[in-house]
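Okay, work.tsv is below, TSV, C-alpha atoms:
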```tsv
chain	number	residue	atom	x	y	z
A	1	MET	CA	38.68	0.18	181.96
A	2	SER	CA	35.79	-1.55	180.33
A	3	LYS	CA	38.00	-3.41	177.88
A	4	PRO	CA	37.54	-7.12	178.36
A	5	LYS	CA	41.27	-7.74	178.28
A	6	ASN	CA	43.66	-8.66	181.00
A	7	PRO	CA	45.03	-5.39	182.36
A	8	TRP	CA	48.25	-7.14	183.39
A	9	ASP	CA	49.57	-7.56	179.85
A	10	GLN	CA	53.23	-8.34	179.40
A	11	GLY	CA	55.26	-5.41	178.17
A	12	ASN	CA	58.60	-5.24	176.46
A	13	PRO	CA	60.87	-3.65	179.05
A	14	ASP	CA	64.11	-3.78	177.07
A	15	ARG	CA	63.39	-0.76	174.95
A	16	LEU	CA	62.31	1.23	178.01
A	17	TYR	CA	65.60	0.41	179.69
A	18	ILE	CA	67.56	1.54	176.64
A	19	LEU	CA	65.56	4.77	176.31
A	20	THR	CA	66.30	5.79	179.85
A	21	THR	CA	69.79	4.20	179.84
A	22	GLY	CA	68.74	2.42	182.99
A	23	ARG	CA	68.02	5.54	184.99
A	24	ALA	CA	65.10	5.87	187.31
A	25	SER	CA	63.58	9.23	188.02
A	26	THR	CA	65.19	10.45	191.23
A	27	ASP	CA	65.40	14.21	190.96
A	28	LYS	CA	63.00	15.52	193.57
A	29	ASP	CA	63.19	19.08	192.25
A	30	LEU	CA	61.71	18.07	188.94
A	31	ARG	CA	58.76	16.16	190.38
A	32	LEU	CA	56.29	15.70	187.60
A	33	ASP	CA	52.62	14.98	188.20
A	34	LEU	CA	50.40	13.13	185.72
A	35	VAL	CA	48.77	16.49	185.01
A	36	THR	CA	51.88	18.69	184.93
A	37	LEU	CA	51.60	20.57	181.63
A	38	ILE	CA	54.62	20.48	179.34
A	39	VAL	CA	55.30	23.15	176.72
A	40	ALA	CA	58.19	23.20	174.24
A	41	ARG	CA	60.57	26.16	174.54
A	42	SER	CA	62.08	25.79	171.12
A	43	GLU	CA	61.88	23.97	167.81
A	44	THR	CA	63.07	20.36	167.77
A	45	ASP	CA	66.81	20.07	167.67
A	46	PRO	CA	67.99	17.64	164.94
A	47	GLY	CA	70.46	16.16	167.44
A	48	LEU	CA	67.73	14.89	169.74
A	49	GLN	CA	66.84	11.22	170.25
A	50	PRO	CA	63.62	10.38	168.35
A	51	GLU	CA	61.62	10.09	171.59
A	52	HIS	CA	62.87	13.43	172.90
A	53	ALA	CA	62.19	15.03	169.51
A	54	ALA	CA	58.67	13.57	169.43
A	55	ILE	CA	57.91	15.12	172.84
A	56	VAL	CA	59.24	18.54	171.83
A	57	ARG	CA	57.20	18.35	168.61
A	58	MET	CA	53.92	17.40	170.27
A	59	CYS	CA	54.34	19.98	173.05
A	60	ASP	CA	54.07	22.93	170.71
A	61	TYR	CA	51.00	23.67	172.82
A	62	PRO	CA	50.55	22.59	176.47
A	63	LEU	CA	50.12	18.85	176.99
A	64	SER	CA	49.92	16.87	180.24
A	65	VAL	CA	52.44	14.17	181.17
A	66	ALA	CA	49.57	11.64	180.97
A	67	GLU	CA	48.75	12.69	177.40
A	68	ILE	CA	52.41	12.49	176.34
A	69	SER	CA	52.57	8.97	177.81
A	70	ALA	CA	49.37	8.01	175.95
A	71	TYR	CA	50.48	9.42	172.58
A	72	LEU	CA	53.93	7.86	172.81
A	73	THR	CA	52.52	4.59	174.24
A	74	LEU	CA	55.27	4.72	176.85
A	75	PRO	CA	54.89	4.21	180.61
A	76	VAL	CA	54.65	7.37	182.69
A	77	SER	CA	57.88	6.53	184.54
A	78	THR	CA	59.77	6.36	181.21
A	79	VAL	CA	58.21	9.61	179.97
A	80	THR	CA	59.20	11.25	183.26
A	81	VAL	CA	62.86	10.36	182.70
A	82	LEU	CA	62.74	11.69	179.11
A	83	LEU	CA	61.05	14.89	180.32
A	84	THR	CA	63.67	15.35	183.03
A	85	ASP	CA	66.34	15.37	180.29
A	86	LEU	CA	64.42	17.96	178.28
A	87	LEU	CA	63.76	20.11	181.36
A	88	THR	CA	67.43	19.98	182.37
A	89	ASN	CA	68.40	21.18	178.90
A	90	ASP	CA	65.69	23.88	178.91
A	91	GLN	CA	64.02	22.42	175.84
A	92	VAL	CA	60.63	22.30	177.50
A	93	GLU	CA	59.00	24.06	180.42
A	94	ALA	CA	56.78	22.44	183.05
A	95	ARG	CA	53.62	24.11	184.37
A	96	PRO	CA	52.83	22.40	187.70
A	97	PRO	CA	49.21	21.55	188.64
A	98	VAL	CA	47.15	23.92	190.76
A	99	PRO	CA	48.29	23.15	194.30
A	100	VAL	CA	45.47	21.55	196.27
A	101	ALA	CA	45.92	21.41	200.02
A	102	ALA	CA	43.70	19.21	202.21
A	103	LEU	CA	40.79	21.12	200.71
A	104	PRO	CA	40.74	23.05	197.46
A	105	ASP	CA	40.47	26.79	197.19
A	106	VAL	CA	36.93	28.16	196.93
A	107	ARG	CA	37.76	30.25	193.85
A	108	LEU	CA	39.19	27.20	192.12
A	109	LEU	CA	36.01	25.23	192.86
A	110	GLU	CA	33.87	28.10	191.56
A	111	ALA	CA	35.89	28.18	188.34
A	112	VAL	CA	35.51	24.41	187.87
A	113	MET	CA	31.75	24.55	188.55
A	114	HIS	CA	31.40	27.39	186.08
A	115	GLY	CA	33.30	25.39	183.50
A	116	LEU	CA	31.19	22.27	184.08
A	117	GLN	CA	27.98	24.28	183.68
A	118	ASN	CA	29.12	25.16	180.18
A	119	LEU	CA	29.50	21.53	179.18
B	1	MET	CA	50.25	-1.65	174.05
B	2	ASP	CA	53.00	-2.37	171.60
B	3	TYR	CA	56.24	-0.56	172.34
B	4	ARG	CA	57.80	-1.64	169.06
B	5	THR	CA	55.75	0.67	166.89
B	6	PHE	CA	56.93	4.15	167.69
B	7	ASP	CA	55.33	7.03	165.86
B	8	THR	CA	57.66	10.03	165.86
B	9	HIS	CA	54.79	12.23	164.73
B	10	ALA	CA	52.42	11.09	167.47
B	11	GLY	CA	50.47	13.79	169.23
B	12	PRO	CA	47.06	15.33	169.69
B	13	ARG	CA	44.69	15.89	166.79
B	14	THR	CA	44.36	19.56	165.84
B	15	GLU	CA	40.97	19.77	167.57
B	16	ASP	CA	42.45	18.31	170.77
B	17	ILE	CA	45.13	20.97	171.19
B	18	LEU	CA	44.90	23.08	174.36
B	19	PRO	CA	45.27	26.85	174.06
B	20	ALA	CA	48.80	28.18	174.69
B	21	SER	CA	47.32	30.16	177.61
B	22	THR	CA	46.55	26.99	179.58
B	23	ALA	CA	48.50	27.62	182.76
B	24	ALA	CA	47.67	24.69	185.02
B	25	ALA	CA	45.64	21.55	185.47
B	26	VAL	CA	43.58	19.93	188.20
B	27	LYS	CA	42.49	16.32	188.44
B	28	VAL	CA	39.59	14.21	189.64
B	29	VAL	CA	39.83	10.45	190.04
B	30	ILE	CA	36.98	8.13	189.10
B	31	VAL	CA	37.37	4.94	191.16
B	32	GLY	CA	35.48	1.78	190.44
B	33	GLY	CA	35.77	-1.94	189.91
B	34	PHE	CA	36.02	-3.74	186.60
B	35	GLY	CA	33.06	-3.07	184.33
B	36	VAL	CA	31.21	-0.54	186.50
B	37	GLY	CA	31.52	2.17	183.85
B	38	LYS	CA	34.61	4.27	184.66
B	39	THR	CA	35.70	4.64	181.06
B	40	THR	CA	32.10	5.19	179.93
B	41	LEU	CA	31.78	8.05	182.43
B	42	VAL	CA	35.13	9.57	181.44
B	43	GLY	CA	34.20	9.29	177.75
B	44	ALA	CA	30.77	10.85	178.29
B	45	VAL	CA	32.16	14.14	179.64
B	46	SER	CA	35.63	14.28	178.07
B	47	GLU	CA	36.30	16.73	175.24
B	48	ILE	CA	38.90	14.33	173.85
B	49	ARG	CA	38.45	10.67	173.04
B	50	PRO	CA	39.61	8.92	176.24
B	51	LEU	CA	43.32	8.13	176.16
B	52	THR	CA	45.20	5.36	177.91
B	53	THR	CA	48.30	5.86	179.96
B	54	GLU	CA	50.23	3.00	181.44
B	55	GLU	CA	52.76	2.08	184.03
B	56	THR	CA	54.98	-0.95	184.37
B	57	MET	CA	55.88	-2.85	187.47
B	58	THR	CA	58.37	-5.57	188.16
B	59	GLN	CA	57.05	-8.65	189.84
B	60	ALA	CA	58.91	-11.61	191.15
B	61	GLY	CA	58.01	-14.55	188.94
B	62	VAL	CA	55.74	-17.28	190.23
B	63	GLY	CA	57.64	-20.35	191.40
B	64	VAL	CA	60.90	-18.53	192.13
B	65	ASP	CA	61.61	-21.02	194.88
B	66	ASP	CA	61.69	-23.83	192.37
B	67	LEU	CA	64.46	-22.14	190.40
B	68	ALA	CA	67.10	-22.23	193.08
B	69	GLY	CA	69.20	-19.07	192.90
B	70	ILE	CA	67.81	-17.84	189.59
B	71	GLU	CA	66.22	-14.39	189.78
B	72	HIS	CA	63.15	-14.49	187.62
B	73	LYS	CA	61.26	-11.26	187.23
B	74	THR	CA	58.53	-10.23	184.84
B	75	GLU	CA	57.36	-6.78	183.85
B	76	THR	CA	53.64	-6.18	183.90
B	77	THR	CA	51.83	-3.22	182.46
B	78	VAL	CA	48.71	-1.71	183.95
B	79	ALA	CA	46.63	0.73	181.94
B	80	MET	CA	44.50	3.65	183.08
B	81	ASP	CA	42.04	5.58	180.92
B	82	PHE	CA	41.63	9.31	181.22
B	83	GLY	CA	39.83	12.27	179.67
B	84	ARG	CA	39.94	16.04	179.75
B	85	ILE	CA	37.60	19.01	180.20
B	86	SER	CA	38.78	22.55	179.50
B	87	ILE	CA	37.42	24.73	182.28
B	88	ASN	CA	38.54	28.06	180.83
B	89	GLU	CA	41.45	29.52	178.86
B	90	GLN	CA	43.83	28.97	181.79
B	91	LEU	CA	42.54	25.88	183.55
B	92	VAL	CA	42.02	22.28	182.45
B	93	LEU	CA	40.48	19.37	184.38
B	94	TYR	CA	41.68	15.78	183.87
B	95	LEU	CA	39.60	12.76	184.83
B	96	PHE	CA	41.39	9.49	185.59
B	97	GLY	CA	39.49	6.23	185.77
B	98	THR	CA	41.31	3.89	188.12
B	99	PRO	CA	40.59	0.39	189.41
B	100	GLY	CA	39.64	0.12	193.06
B	101	GLN	CA	42.46	-2.20	194.12
B	102	GLU	CA	45.14	-0.48	196.13
B	103	ARG	CA	47.89	-2.40	194.32
B	104	PHE	CA	47.08	-0.39	191.19
B	105	TRP	CA	47.32	2.91	193.05
B	106	PHE	CA	50.93	2.35	194.07
B	107	LEU	CA	51.88	2.25	190.39
B	108	TRP	CA	50.78	5.80	189.80
B	109	ASP	CA	52.77	7.61	192.39
B	110	GLY	CA	50.83	10.70	193.28
B	111	LEU	CA	47.62	9.84	191.43
B	112	PHE	CA	45.57	11.02	194.41
B	113	GLU	CA	48.10	13.61	195.55
B	114	GLY	CA	46.73	17.01	194.64
B	115	ALA	CA	43.49	15.57	193.29
B	116	LEU	CA	40.43	17.72	193.98
B	117	GLY	CA	38.53	14.62	194.99
B	118	ALA	CA	37.12	11.34	193.74
B	119	VAL	CA	33.90	9.90	192.40
B	120	VAL	CA	33.43	6.31	193.59
B	121	LEU	CA	31.39	4.32	191.08
B	122	LEU	CA	29.66	1.81	193.29
B	123	ASP	CA	29.70	-1.81	192.22
B	124	THR	CA	26.34	-3.03	193.50
B	125	ARG	CA	27.35	-6.62	192.77
B	126	ARG	CA	30.38	-6.41	195.04
B	127	LEU	CA	29.67	-3.87	197.74
B	128	GLU	CA	32.57	-5.05	199.91
B	129	VAL	CA	35.05	-3.91	197.21
B	130	SER	CA	33.61	-0.39	197.18
B	131	TYR	CA	33.58	-0.41	200.97
B	132	ASP	CA	37.33	-1.05	200.99
B	133	VAL	CA	37.90	1.67	198.38
B	134	MET	CA	36.10	4.24	200.51
B	135	GLY	CA	38.21	3.25	203.50
B	136	LEU	CA	41.39	3.75	201.50
B	137	LEU	CA	40.26	7.15	200.22
B	138	GLU	CA	39.43	8.23	203.78
B	139	GLU	CA	42.88	7.12	204.93
B	140	ARG	CA	44.47	9.19	202.19
B	141	GLY	CA	42.30	12.19	202.99
B	142	VAL	CA	40.72	12.25	199.53
B	143	PRO	CA	37.15	13.62	199.66
B	144	PHE	CA	34.70	11.57	197.58
B	145	VAL	CA	31.09	11.25	196.49
B	146	VAL	CA	29.40	7.96	195.58
B	147	ALA	CA	27.67	7.38	192.25
B	148	VAL	CA	25.55	4.33	191.49
B	149	ASN	CA	25.67	3.64	187.77
B	150	THR	CA	22.24	2.63	186.51
B	151	PHE	CA	22.75	-0.06	183.91
B	152	PRO	CA	19.70	-1.18	181.99
B	153	GLY	CA	18.44	-4.24	183.81
B	154	SER	CA	20.70	-3.75	186.84
B	155	PRO	CA	19.07	-4.51	190.17
B	156	VAL	CA	17.36	-1.48	191.65
B	157	HIS	CA	18.57	-0.74	195.15
B	158	ALA	CA	16.99	1.77	197.44
B	159	MET	CA	19.57	4.49	198.13
B	160	ALA	CA	18.87	4.31	201.85
B	161	GLU	CA	19.54	0.56	201.84
B	162	LEU	CA	22.82	1.00	199.95
B	163	ARG	CA	23.91	3.81	202.25
B	164	ALA	CA	23.23	1.65	205.27
B	165	ALA	CA	25.00	-1.34	203.69
B	166	MET	CA	28.02	0.85	202.93
B	167	ASP	CA	27.95	2.46	206.37
B	168	LEU	CA	28.18	5.80	204.57
B	169	PRO	CA	27.61	8.97	206.64
B	170	ASP	CA	24.66	11.16	205.58
B	171	SER	CA	27.07	14.00	204.84
B	172	VAL	CA	28.65	12.14	201.89
B	173	PRO	CA	26.55	12.60	198.71
B	174	MET	CA	25.28	9.41	197.09
B	175	PHE	CA	23.26	9.46	193.88
B	176	THR	CA	22.37	7.48	190.78
B	177	CYS	CA	24.13	8.29	187.55
B	178	ASP	CA	23.89	7.05	183.98
B	179	ALA	CA	27.53	6.81	182.89
B	180	ARG	CA	26.47	6.93	179.22
B	181	GLU	CA	24.80	10.33	179.58
B	182	ARG	CA	26.94	13.44	179.42
B	183	ALA	CA	24.50	15.50	181.51
B	184	SER	CA	24.30	12.82	184.19
B	185	CYS	CA	28.11	12.55	184.43
B	186	ARG	CA	28.48	16.31	184.47
B	187	ASP	CA	26.01	16.40	187.38
B	188	ALA	CA	28.09	13.77	189.19
B	189	LEU	CA	31.18	16.00	188.90
B	190	MET	CA	29.10	19.01	189.90
B	191	THR	CA	27.94	17.14	193.02
B	192	LEU	CA	31.57	16.45	193.91
B	193	MET	CA	32.45	20.15	193.47
B	194	ARG	CA	29.50	21.29	195.60
B	195	TYR	CA	30.46	18.77	198.27
B	196	LEU	CA	34.06	20.07	198.27
B	197	TYR	CA	32.69	23.59	198.45
B	198	THR	CA	30.66	22.66	201.54
B	199	LEU	CA	33.69	21.01	203.16
B	200	THR	CA	35.84	24.05	202.45
B	201	ASN	CA	33.29	26.41	203.98
B	202	GLU	CA	32.79	24.18	207.02
B	203	SER	CA	36.47	23.89	207.81
B	204	PRO	CA	37.71	26.33	210.44
B	205	GLU	CA	39.44	29.43	209.12
B	206	PRO	CA	43.20	29.29	209.59
B	207	GLN	CA	44.09	31.87	212.21
```
Would you give me this structure, written as structure tokens?
Amino acid sequence: MSKPKNPWDQGNPDRLYILTTGRASTDKDLRLDLVTLIVARSETDPGLQPEHAAIVRMCDYPLSVAEISAYLTLPVSTVTVLLTDLLTNDQVEARPPVPVAALPDVRLLEAVMHGLQNL
Amino acid sequence: MDYRTFDTHAGPRTEDILPASTAAAVKVVIVGGFGVGKTTLVGAVSEIRPLTTEETMTQAGVGVDDLAGIEHKTETTVAMDFGRISINEQLVLYLFGTPGQERFWFLWDGLFEGALGAVVLLDTRRLEVSYDVMGLLEERGVPFVVAVNTFPGSPVHAMAELRAAMDLPDSVPMFTCDARERASCRDALMTLMRYLYTLTNESPEPQ
């Protein structure tokens, strides 16, 4: 962050609490990484909360959890709760990151190097 | 960030949309102190304009003891910039620029979990900070390479001197990098990948 501002800005937590109705993300089965890709399964349902609808709309094509958080200007933990709702109701699908053990797979590294060469 | 303005049509620009075939992502973390050029590096190689994600934490208010019995907590928000590089039609690489202090890392649960590795942007003005960062990465088992950002007018350090000062083993790549230059930043990532490749080939085959 090269911005010359205090990174510990005060937020407005009330709205976040309302959005998630006070829930914290606890479901271990739906563990979402910052780079888990989210893709909508269907069109937005008119009955959805605006935040849920906005996620479904922007995930027409794959988008990472980090990008959703950035576009909605919502903390990752809040986005995770909203995504858990959408995943439970099958409105979006999650594509987990490439699993990386202690050391990454050689073929994965080769693919990344090839991609970087094309930059 | 202002939570009060909520754009229901927020989302990526048309040119920033990933192909539907994108199946999975990988991540690399760029670690460095304030003002060493993390966001500059991310921006130099990212195909999208760097975005900012944030996390909130609850802190006990200062002077709680003075307010006998009254719980006083404040929410603080910490931001992290990131960028993206499409590797191919199926794979996408995300780059996260994160401050070196461990207290920031706790906020992003799993930031380093599953990361390919890290690029440490060395702060030549405060070597002890970078020294601590490298210790933390080692503890977490995150492989890293060390880049020295060459600012115009920044003091020129001999690499050997810096390596000795940082107590960095010869096996860990250390190089200069101009965070403003795309090619230089790409080379930094390439160095990390080659280093990981070496580590992978050196590790004993699982029997």
Point to revise | Within 8 Å of chain B: residues of chain A, using only C-alpha atoms, as number ranges by chain | key: A: 1-2, 7-13, 15, 33-37, 50-51, 53-54, 57-58, 61-63, 66-77, 95-106, 109, 111-116, 119
Find the smallest box with edges along x, y and z containing every listed atom of range 30-47 of chain B, then add 5 Å on each side and report centre and edge lengths in Å to one decimal, as AutoDock Vina command-line options.
```
--center_x 34.1 --center_y 6.5 --center_z 183.2 --size_x 16.6 --size_y 30.5 --size_z 25.9
```
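As for CA of Glu139 in chain B and CA of Phe175 in chain B, they are spaced 22.6 Å apart.
From CA of Ile30 in chain B back to CA of Leu83 in chain A, the distance works out to 26.5 Å.
Among the candidates A:Ile55, A:Ser42, A:Gly47, A:Gln117, the one nearest to Thr84 in chain A when counting only C-alpha atoms is A:Ile55.
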**Study point:** Atomic distance CA of Pro169 in chain B - CA of Tyr195 in chain B, expressed in Å with one decimal
**Key:** 13.2 Å
